[in-house]
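This is coords32.cif (mmCIF, C-alpha atoms).
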```
data_protein
loop_
_atom_site.group_PDB
_atom_site.id
_atom_site.type_symbol
_atom_site.label_atom_id
_atom_site.label_comp_id
_atom_site.auth_asym_id
_atom_site.auth_seq_id
_atom_site.Cartn_x
_atom_site.Cartn_y
_atom_site.Cartn_z
ATOM 1 C CA MET A 118 -9.512 25.913 -0.992
ATOM 2 C CA ALA A 119 -11.283 22.825 -2.315
ATOM 3 C CA ALA A 120 -9.559 19.449 -2.160
ATOM 4 C CA LEU A 121 -7.592 18.457 -5.223
ATOM 5 C CA ARG A 122 -9.284 15.825 -7.370
ATOM 6 C CA PRO A 123 -7.405 13.090 -9.244
ATOM 7 C CA LEU A 124 -7.137 13.166 -13.025
ATOM 8 C CA VAL A 125 -8.779 9.757 -13.500
ATOM 9 C CA LYS A 126 -11.196 7.991 -11.160
ATOM 10 C CA PRO A 127 -11.232 4.306 -12.123
ATOM 11 C CA LYS A 128 -13.284 1.875 -10.071
ATOM 12 C CA ILE A 129 -10.983 -0.087 -7.767
ATOM 13 C CA VAL A 130 -11.879 -3.784 -7.800
ATOM 14 C CA LYS A 131 -9.979 -6.147 -5.514
ATOM 15 C CA GLN A 132 -9.939 -9.816 -6.510
ATOM 16 C CA ARG A 133 -9.325 -10.839 -2.889
ATOM 17 C CA THR A 134 -9.270 -8.648 0.202
ATOM 18 C CA LYS A 135 -8.416 -11.367 2.737
ATOM 19 C CA LYS A 136 -4.726 -11.935 3.503
ATOM 20 C CA PHE A 137 -3.109 -15.283 2.720
ATOM 21 C CA ILE A 138 -1.835 -16.838 5.949
ATOM 22 C CA TRP A 139 1.061 -19.233 6.429
ATOM 23 C CA HIS A 140 0.104 -22.896 6.897
ATOM 24 C CA GLN A 141 -0.282 -23.818 10.608
ATOM 25 C CA SER A 142 0.350 -20.223 11.755
ATOM 26 C CA ASP A 143 -3.020 -20.338 13.528
ATOM 27 C CA GLN A 144 -1.862 -23.348 15.596
ATOM 28 C CA TYR A 145 1.601 -22.224 16.729
ATOM 29 C CA VAL A 146 2.696 -18.911 18.244
ATOM 30 C CA LYS A 147 6.243 -19.332 16.894
ATOM 31 C CA ILE A 148 4.948 -19.324 13.276
ATOM 32 C CA LYS A 149 4.110 -15.848 12.006
ATOM 33 C CA CYS A 150 1.044 -15.143 9.851
ATOM 34 C CA ASN A 151 3.036 -13.782 6.887
ATOM 35 C CA TRP A 152 2.614 -15.969 3.814
ATOM 36 C CA GLN A 153 5.360 -18.415 2.866
ATOM 37 C CA LYS A 154 4.945 -21.040 0.181
ATOM 38 C CA PRO A 155 4.915 -24.629 1.478
ATOM 39 C CA ARG A 156 7.569 -26.670 -0.346
ATOM 40 C CA GLY A 157 7.123 -30.181 1.051
ATOM 41 C CA THR A 158 6.119 -32.957 -1.349
ATOM 42 C CA ASP A 159 3.565 -34.327 1.103
ATOM 43 C CA ASN A 160 2.217 -30.950 2.251
ATOM 44 C CA ARG A 161 -1.554 -30.817 1.823
ATOM 45 C CA VAL A 162 -1.613 -27.061 1.175
ATOM 46 C CA CYS A 163 1.023 -27.432 -1.555
ATOM 47 C CA ARG A 164 -0.971 -30.303 -3.100
ATOM 48 C CA ARG A 165 -4.093 -28.059 -2.967
ATOM 49 C CA LEU A 166 -6.331 -30.549 -1.205
ATOM 50 C CA LYS A 167 -9.933 -29.566 -0.544
ATOM 51 C CA GLY A 168 -10.609 -27.674 2.675
ATOM 52 C CA GLN A 169 -7.025 -26.482 3.173
ATOM 53 C CA ILE A 170 -5.563 -22.965 3.255
ATOM 54 C CA LEU A 171 -5.611 -21.370 -0.187
ATOM 55 C CA MET A 172 -2.391 -20.558 -1.999
ATOM 56 C CA PRO A 173 -2.086 -17.335 -3.993
ATOM 57 C CA ASN A 174 -2.158 -17.648 -7.752
ATOM 58 C CA ILE A 175 -2.086 -15.259 -10.696
ATOM 59 C CA GLY A 176 -5.831 -14.605 -10.471
ATOM 60 C CA CYS A 177 -5.409 -12.894 -7.093
ATOM 61 C CA GLU A 178 -3.514 -9.936 -8.575
ATOM 62 C CA SER A 179 -4.931 -6.431 -8.646
ATOM 63 C CA ASN A 180 -5.720 -4.603 -11.853
ATOM 64 C CA LYS A 181 -2.495 -2.997 -13.145
ATOM 65 C CA LYS A 182 -4.235 0.356 -13.656
ATOM 66 C CA THR A 183 -5.477 0.502 -10.054
ATOM 67 C CA LYS A 184 -2.546 -1.217 -8.308
ATOM 68 C CA TYR A 185 -1.127 0.750 -5.320
ATOM 69 C CA MET A 186 -4.005 3.220 -5.641
ATOM 70 C CA LEU A 187 -5.457 4.777 -2.497
ATOM 71 C CA PRO A 188 -9.235 5.058 -1.991
ATOM 72 C CA SER A 189 -8.850 8.738 -2.939
ATOM 73 C CA ARG A 190 -7.573 7.520 -6.374
ATOM 74 C CA PHE A 191 -4.087 8.977 -5.797
ATOM 75 C CA ARG A 192 -0.854 7.010 -5.567
ATOM 76 C CA LYS A 193 1.581 7.660 -2.694
ATOM 77 C CA PHE A 194 4.965 9.335 -3.083
ATOM 78 C CA LEU A 195 7.206 9.398 -0.001
ATOM 79 C CA VAL A 196 8.574 12.855 0.801
ATOM 80 C CA HIS A 197 11.386 13.626 3.260
ATOM 81 C CA ASN A 198 11.901 17.342 2.597
ATOM 82 C CA VAL A 199 10.480 20.332 0.699
ATOM 83 C CA LYS A 200 12.854 19.785 -2.237
ATOM 84 C CA GLU A 201 11.401 16.314 -2.901
ATOM 85 C CA LEU A 202 7.938 17.890 -3.003
ATOM 86 C CA GLU A 203 8.918 19.829 -6.146
ATOM 87 C CA VAL A 204 9.232 16.515 -8.046
ATOM 88 C CA LEU A 205 5.460 16.064 -7.825
ATOM 89 C CA LEU A 206 4.760 19.385 -9.502
ATOM 90 C CA MET A 207 4.136 17.889 -12.955
ATOM 91 C CA CYS A 208 2.079 14.909 -11.762
ATOM 92 C CA ASN A 209 0.088 16.316 -8.845
ATOM 93 C CA LYS A 210 -3.175 14.983 -10.326
ATOM 94 C CA SER A 211 -2.103 11.347 -10.017
ATOM 95 C CA TYR A 212 0.275 11.283 -7.014
ATOM 96 C CA CYS A 213 -0.094 12.606 -3.494
ATOM 97 C CA ALA A 214 2.776 13.304 -1.131
ATOM 98 C CA GLU A 215 3.125 11.163 1.968
ATOM 99 C CA ILE A 216 5.378 12.658 4.618
ATOM 100 C CA ALA A 217 7.915 10.139 5.952
ATOM 101 C CA HIS A 218 7.604 9.048 9.570
ATOM 102 C CA ASN A 219 11.036 10.333 10.607
ATOM 103 C CA VAL A 220 10.471 13.956 9.527
ATOM 104 C CA SER A 221 10.517 16.483 12.365
ATOM 105 C CA SER A 222 7.434 18.547 13.158
ATOM 106 C CA LYS A 223 9.196 21.746 12.001
ATOM 107 C CA ASN A 224 9.968 20.278 8.565
ATOM 108 C CA ARG A 225 6.548 18.619 8.469
ATOM 109 C CA LYS A 226 4.855 22.018 8.830
ATOM 110 C CA ALA A 227 7.063 23.446 6.075
ATOM 111 C CA ILE A 228 6.163 20.559 3.733
ATOM 112 C CA VAL A 229 2.423 20.947 4.430
ATOM 113 C CA GLU A 230 2.616 24.698 3.858
ATOM 114 C CA ARG A 231 4.530 24.306 0.576
ATOM 115 C CA ALA A 232 2.081 21.607 -0.589
ATOM 116 C CA SER A 233 -0.854 23.943 -0.025
ATOM 117 C CA GLN A 234 0.950 26.703 -1.972
ATOM 118 C CA LEU A 235 1.509 24.328 -4.899
ATOM 119 C CA ALA A 236 -2.097 23.022 -4.634
ATOM 120 C CA MET A 237 -0.935 19.451 -4.049
ATOM 121 C CA SER A 238 -2.656 16.642 -2.246
ATOM 122 C CA HIS A 239 -0.726 15.368 0.774
ATOM 123 C CA GLN A 240 -1.230 13.021 3.658
ATOM 124 C CA SER A 241 0.628 13.013 6.921
ATOM 125 C CA GLN A 242 1.060 9.816 8.905
ATOM 126 C CA CYS A 243 1.214 11.792 12.144
ATOM 127 C CA GLN A 244 -1.731 14.050 12.887
ATOM 128 C CA ALA A 245 0.341 16.282 15.215
ATOM 129 C CA VAL A 246 0.606 18.984 12.539
ATOM 130 C CA GLN A 247 -2.318 21.362 12.974
#
```
Let me see the file written as C-alpha cells.
Amino acid sequence: MAALRPLVKPKIVKQRTKKFIWHQSDQYVKIKCNWQKPRGTDNRVCRRLKGQILMPNIGCESNKKTKYMLPSRFRKFLVHNVKELEVLLMCNKSYCAEIAHNVSSKNRKAIVERASQLAMSHQSQCQAVQ
C-alpha cells in the first residue's frame, strides 16, 4: 500500500534553526546550554550589546500554520494503546500517530497492525518492530 499523504503541504519556513544558548554556558560546565533569560541590570546580553549572544524575540517564532509540523507535513499525536489510535480516525490526513516510548513490543505490533488496517500514518520511536 502506498504511503498516506497529508491533506495540505505548506512550505515549512523556519525563521531561525540555531538554538539560543544560555549566557556563559560555553565557558562553564556547571551552566547548561538551555536558554534562560538574563535578568541583571548590568548584563551585556540583557542590554543587547553588539557582539553578544542573541536573545529570542517575537520575530523568531514559527509560522502558526506550520508550527509543530514534521518534515512529512503531519503533526504528531502520542499513542499509548490501540484505543487511542481510534481518535485519529477523523483526522488521519493531518496527524500521524507516534507510539510512546514505554509501550511494550507486543502492544507496539498491535498498534502498527491496526494503523495499517485504518490506513493511518504512524511512526515508531523504536525500530525493533519489524
Close residues, range 190-203 of chain A itself excluded, 12 Å, all atoms listed in the file, min 2 positions apart in chain, as an MDAnalysis selection string: chainID A and resid 121:129 182:188 205:242
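Note that the spacing between CA of His140 in chain A and CA of Gln169 in chain A amounts to 8.8 Å.
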Two-atom distance - CA of Thr134 in chain A, CA of Ile170 in chain A (Å):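 Those two atoms sit 15.1 Å apart.
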Can you list, as a PDB file with C-alpha atoms, in the coordinates of the input, every protein, DNA or RNA residue that comes within 12 Å of Gln132 in chain A when you count all atoms listed in the file, leaving out same-chain residues fewer than 4 positions away?
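Output saved as around_6.pdb:
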```
ATOM      1  CA  LYS A 136      -4.726 -11.935   3.503  1.00  0.00           C
ATOM      2  CA  PRO A 173      -2.086 -17.335  -3.993  1.00  0.00           C
ATOM      3  CA  ASN A 174      -2.158 -17.648  -7.752  1.00  0.00           C
ATOM      4  CA  ILE A 175      -2.086 -15.259 -10.696  1.00  0.00           C
ATOM      5  CA  GLY A 176      -5.831 -14.605 -10.471  1.00  0.00           C
ATOM      6  CA  CYS A 177      -5.409 -12.894  -7.093  1.00  0.00           C
ATOM      7  CA  GLU A 178      -3.514  -9.936  -8.575  1.00  0.00           C
ATOM      8  CA  SER A 179      -4.931  -6.431  -8.646  1.00  0.00           C
ATOM      9  CA  ASN A 180      -5.720  -4.603 -11.853  1.00  0.00           C
ATOM     10  CA  THR A 183      -5.477   0.502 -10.054  1.00  0.00           C
ATOM     11  CA  LYS A 184      -2.546  -1.217  -8.308  1.00  0.00           C
TER      12      LYS A 184
END
```
Interatomic distance (Å, one decimal) between CA of Thr158 in chain A and CA of Met172 in chain A: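 According to the coordinates, CA of Thr158 in chain A and CA of Met172 in chain A are separated by 15.1 Å.
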